[in-house]
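Raw contents of my_file18.cif, mmCIF, C-alpha atoms and all ligand atoms:
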```cif
data_work
#
loop_
_atom_site.label_atom_id
_atom_site.label_comp_id
_atom_site.auth_asym_id
_atom_site.auth_seq_id
_atom_site.Cartn_x
_atom_site.Cartn_y
_atom_site.Cartn_z
CA MET A 1 16.88 97.47 -11.85
CA ASP A 2 20.11 96.39 -10.19
CA ALA A 3 20.15 94.78 -6.75
CA ILE A 4 21.34 97.85 -4.83
CA GLU A 5 18.73 100.08 -6.47
CA ALA A 6 15.99 97.54 -5.69
CA ILE A 7 17.01 97.35 -2.03
CA LEU A 8 17.33 101.13 -1.60
CA SER A 9 14.01 102.00 -3.27
CA ARG A 10 11.84 99.16 -1.85
CA ARG A 11 8.97 100.26 0.40
CA SER A 12 5.99 98.47 1.92
CA ILE A 13 3.07 98.73 -0.51
CA ARG A 14 -0.37 98.16 1.01
CA LYS A 15 -2.69 99.40 -1.77
CA TYR A 16 -3.15 97.37 -4.93
CA SER A 17 -5.01 97.44 -8.23
CA ASN A 18 -7.12 94.39 -9.09
CA LYS A 19 -4.86 93.36 -12.00
CA PRO A 20 -4.08 89.65 -11.61
CA ILE A 21 -0.49 88.45 -11.26
CA PRO A 22 0.56 85.74 -13.75
CA ASP A 23 1.40 82.36 -12.20
CA SER A 24 4.79 82.46 -13.93
CA LEU A 25 5.68 85.62 -12.00
CA VAL A 26 4.64 84.05 -8.69
CA LYS A 27 6.84 81.09 -9.56
CA GLU A 28 9.76 83.44 -10.17
CA LEU A 29 9.22 84.94 -6.72
CA LEU A 30 9.22 81.45 -5.18
CA ASN A 31 12.46 80.62 -6.98
CA VAL A 32 14.01 83.80 -5.55
CA GLY A 33 12.81 82.81 -2.06
CA MET A 34 14.35 79.35 -2.36
CA SER A 35 17.65 80.91 -3.48
CA ALA A 36 18.16 82.55 -0.08
CA PRO A 37 21.13 81.59 2.08
CA SER A 38 20.40 79.18 4.95
CA ALA A 39 22.45 77.69 7.78
CA GLY A 40 24.49 74.80 6.39
CA ASN A 41 22.22 75.09 3.32
CA GLU A 42 19.41 73.42 5.31
CA GLN A 43 16.61 75.21 3.34
CA PRO A 44 13.94 74.53 6.00
CA TRP A 45 11.23 76.52 4.21
CA HIS A 46 7.93 75.72 2.58
CA PHE A 47 5.80 78.29 0.77
CA ILE A 48 2.01 78.39 0.68
CA VAL A 49 0.68 80.49 -2.19
CA ILE A 50 -2.77 81.92 -1.42
CA ASN A 51 -4.53 83.11 -4.56
CA ASP A 52 -8.09 82.49 -3.37
CA SER A 53 -9.50 85.87 -2.30
CA GLN A 54 -12.03 84.16 0.02
CA ILE A 55 -9.13 82.71 2.02
CA LEU A 56 -7.18 86.02 2.00
CA LYS A 57 -10.22 87.88 3.35
CA LYS A 58 -10.34 85.63 6.44
CA ILE A 59 -6.84 86.53 7.67
CA PRO A 60 -7.68 89.99 9.12
CA SER A 61 -10.02 88.24 11.62
CA PHE A 62 -6.96 87.00 13.53
CA HIS A 63 -4.18 89.27 12.22
CA PRO A 64 -4.76 92.89 13.29
CA HIS A 65 -2.44 94.53 10.73
CA SER A 66 -3.42 92.74 7.54
CA GLN A 67 -6.37 94.69 6.10
CA MET A 68 -4.49 95.12 2.79
CA LEU A 69 -5.03 91.40 2.08
CA LYS A 70 -8.62 92.20 1.15
CA GLU A 71 -7.19 93.91 -1.99
CA ALA A 72 -4.18 91.67 -2.60
CA SER A 73 -4.02 89.44 -5.70
CA VAL A 74 -1.91 86.83 -4.00
CA ALA A 75 0.00 86.23 -0.78
CA ILE A 76 2.89 83.92 0.02
CA THR A 77 3.19 82.32 3.46
CA VAL A 78 6.78 81.45 4.30
CA CYS A 79 6.74 78.43 6.62
CA PHE A 80 9.50 76.90 8.74
CA ASP A 81 9.56 73.09 8.66
CA THR A 82 11.20 72.24 11.99
CA GLU A 83 11.98 68.70 10.78
CA LEU A 84 14.29 70.14 8.11
CA GLU A 85 16.33 72.21 10.56
CA THR A 86 19.80 70.67 10.90
CA HIS A 87 21.45 73.66 12.64
CA LYS A 88 19.48 74.27 15.82
CA GLY A 89 18.01 77.75 16.22
CA MET A 90 18.81 78.89 12.68
CA GLY A 91 15.54 78.04 10.90
CA PHE A 92 13.73 81.30 11.57
CA GLN A 93 16.70 83.27 10.32
CA ASP A 94 16.67 81.21 7.10
CA CYS A 95 12.97 81.99 6.63
CA SER A 96 13.68 85.65 7.25
CA ALA A 97 16.27 85.66 4.46
CA ALA A 98 13.79 83.95 2.10
CA THR A 99 11.11 86.51 2.98
CA GLU A 100 13.39 89.48 2.29
CA ASN A 101 14.59 87.97 -1.01
CA ILE A 102 10.96 87.72 -2.16
CA LEU A 103 10.16 91.28 -1.05
CA ILE A 104 13.06 92.70 -3.05
CA ALA A 105 12.10 90.66 -6.12
CA ILE A 106 8.49 91.87 -5.83
CA HIS A 107 9.69 95.46 -6.07
CA ALA A 108 12.21 94.74 -8.84
CA LYS A 109 9.41 93.20 -10.93
CA GLY A 110 7.18 96.29 -10.61
CA LEU A 111 4.85 94.68 -8.09
CA GLY A 112 4.16 95.94 -4.56
CA GLY A 113 4.27 93.95 -1.36
CA VAL A 114 4.52 94.03 2.39
CA TRP A 115 5.91 91.63 5.00
CA LEU A 116 3.28 90.66 7.57
CA GLY A 117 4.70 89.22 10.77
CA ILE A 118 3.22 85.89 11.87
CA TYR A 119 5.81 84.23 14.14
CA PRO A 120 6.07 84.60 17.17
CA ARG A 121 2.49 85.85 17.71
CA LYS A 122 0.47 82.83 18.91
CA LYS A 123 -2.93 84.05 17.71
CA ARG A 124 -1.57 84.60 14.18
CA ILE A 125 0.30 81.27 14.11
CA ASP A 126 -2.79 79.37 15.30
CA GLY A 127 -5.02 81.29 12.86
CA MET A 128 -2.79 80.52 9.87
CA ARG A 129 -2.36 76.90 10.94
CA LYS A 130 -6.11 76.36 11.11
CA LEU A 131 -6.94 78.32 7.94
CA LEU A 132 -4.30 76.62 5.77
CA ASN A 133 -4.24 73.20 7.42
CA ILE A 134 -0.55 73.48 8.35
CA PRO A 135 0.86 70.44 10.20
CA LYS A 136 2.20 70.71 13.78
CA HIS A 137 5.91 70.45 12.87
CA VAL A 138 5.61 73.40 10.46
CA ILE A 139 5.48 76.96 11.79
CA PRO A 140 3.99 79.73 9.64
CA PHE A 141 6.70 82.41 9.85
CA SER A 142 5.69 85.33 7.64
CA LEU A 143 3.07 86.31 5.13
CA ILE A 144 3.84 88.47 2.11
CA SER A 145 0.93 90.42 0.63
CA ILE A 146 1.38 91.06 -3.12
CA GLY A 147 -0.37 93.03 -5.85
CA TYR A 148 0.22 95.55 -8.60
CA PRO A 149 0.83 98.82 -6.73
CA ALA A 150 -1.89 101.47 -6.42
CA GLU A 151 0.30 103.73 -4.30
CA LYS A 152 3.80 105.16 -4.66
CA LYS A 153 6.19 105.77 -1.82
CA PRO A 154 9.44 107.73 -1.90
CA ARG A 155 12.67 106.01 -0.96
CA GLU A 156 13.86 106.65 2.59
CA ASN A 157 17.45 107.28 3.55
CA ARG A 158 17.98 105.37 6.79
CA TYR A 159 21.74 105.55 6.73
CA THR A 160 23.31 106.91 9.90
CA ASP A 161 26.89 106.85 11.15
CA LEU A 162 25.44 106.50 14.68
CA LYS A 163 24.68 102.79 14.07
CA ILE A 164 28.16 101.88 12.85
CA HIS A 165 31.07 100.68 14.97
CA TYR A 166 34.55 99.72 13.88
CA ASN A 167 36.43 96.95 15.61
CA GLN A 168 34.78 97.67 19.03
CA TRP A 169 31.34 98.98 20.20
C1 LIG B 201 9.04 91.28 10.99
C2 LIG B 201 8.15 92.29 10.31
C3 LIG B 201 6.79 92.28 10.58
C4 LIG B 201 5.95 93.20 9.94
N1 LIG B 201 4.59 93.11 10.14
C5 LIG B 201 3.76 93.94 9.48
C6 LIG B 201 2.36 93.79 9.60
O1 LIG B 201 1.85 92.89 10.29
N2 LIG B 201 1.55 94.65 8.91
C7 LIG B 201 2.08 95.64 8.11
O2 LIG B 201 1.29 96.38 7.52
N3 LIG B 201 3.42 95.81 7.97
C8 LIG B 201 4.27 94.97 8.62
N4 LIG B 201 5.63 95.09 8.44
C9 LIG B 201 6.17 96.13 7.55
C10 LIG B 201 6.81 97.28 8.34
O3 LIG B 201 5.80 98.04 8.96
C11 LIG B 201 7.66 98.14 7.39
O4 LIG B 201 8.66 97.35 6.80
C12 LIG B 201 8.32 99.31 8.11
O5 LIG B 201 7.37 100.24 8.58
C13 LIG B 201 9.33 100.06 7.21
O6 LIG B 201 8.68 100.56 6.06
P1 LIG B 201 9.10 100.12 4.57
O7 LIG B 201 8.92 98.63 4.46
O8 LIG B 201 8.20 100.89 3.66
O9 LIG B 201 10.55 100.48 4.36
C14 LIG B 201 6.50 94.17 9.05
C15 LIG B 201 7.86 94.16 8.78
C16 LIG B 201 8.67 93.21 9.39
C17 LIG B 201 10.15 93.19 9.02
#
```

Represent the structure of the file as structure tokens.
Ligand SMILES: Cc1cc2nc3c(=O)[nH]c(=O)nc-3n(C[C@H](O)[C@H](O)[C@H](O)COP(=O)(O)O)c2cc1C
Amino acid sequence: MDAIEAILSRRSIRKYSNKPIPDSLVKELLNVGMSAPSAGNEQPWHFIVINDSQILKKIPSFHPHSQMLKEASVAITVCFDTELETHKGMGFQDCSAATENILIAIHAKGLGGVWLGIYPRKKRIDGMRKLLNIPKHVIPFSLISIGYPAEKKPRENRYTDLKIHYNQW
């Protein structure tokens, strides 16, 4: 699958089979995440792989839109290490780019995934911090739920000329 096709056909997948995901594939996803662009190449991210279903099942107690984690094989938490940020205010954007890279790779590899927002919701940040023992200077930014898909979704065409401006608004 080429990059454009992967981007245009990606959808959020929230139902999974119980087939396990090989560690080598998870590592490939992490490599893709770390290949994202970042401000001044600061790469302020850390990734916490959660492959313990007992831990995954605890997340819906503080994250209201994360029920799919009860079925997920693995999840990746993208974290922002504020001590690595050299270009003030850019770190969250870097983590966003890493998250999207991983989501596209998930789809390209025949897996299914969904981006779960953590930052800036305090209850979710505190919940993740406590559950995963994340230090104070590191902010859990997003959580990506991953599994082999047990649902199919059609591509959506979101293109509209109404959102495009040339040279001026
Ligand atoms: C910042 C962000 C936070 C999101 N948080 C959640 C979430 O907590 N739970 C969830 O099920 N989906 C979440 N999503 C997925 C969106 O609901 C989804 O991307 C959107 O409805 C478009 O559908 P698509 O991904 O299938 O194209 C989030 C997406 C983004 C970008």

Close residues, segment 77-91 of chain A itself excluded, 12 Å, all atoms listed in the file, min 4 positions apart in chain, as a PyMOL selection string:
chain A and resi 29-30+33-34+37-51+56+59+95-103+114-120+124-125+128-129+131-132+134-146

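Pocket residues of ligand LIG 201 (chain B), taken as those with any atom at most 8 Å away using only C-alpha atoms and all ligand atoms, are Arg10, Arg11, Ser12, Ile13, Arg14, His63, Pro64, His65, Ser66, Gln67, Met68, Val114, Trp115, Leu116, Gly117, Ile118, Ser142, Lys153, Arg155 and Glu156 of chain A.
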
Kindly indicate which residue among A:Ser35, A:Ser24, A:Ser9, A:Ser73 lies nearest to Pro149 of chain A, using all atoms listed in the file for the distances.
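Smallest distance to Pro149 of chain A is found for A:Ser73.
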
Measuring between only C-alpha atoms, which one of A:Leu162, A:Ala36, A:Leu25, A:Leu111 shows the shortest distance to Ala72 of chain A?
A:Leu111

One number please: atom CA of Phe92 of chain A to atom CA of Asn167 of chain A, in Å, one decimal.
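Atom-to-atom, atom CA of Phe92 of chain A and atom CA of Asn167 of chain A are spaced 27.9 Å apart.
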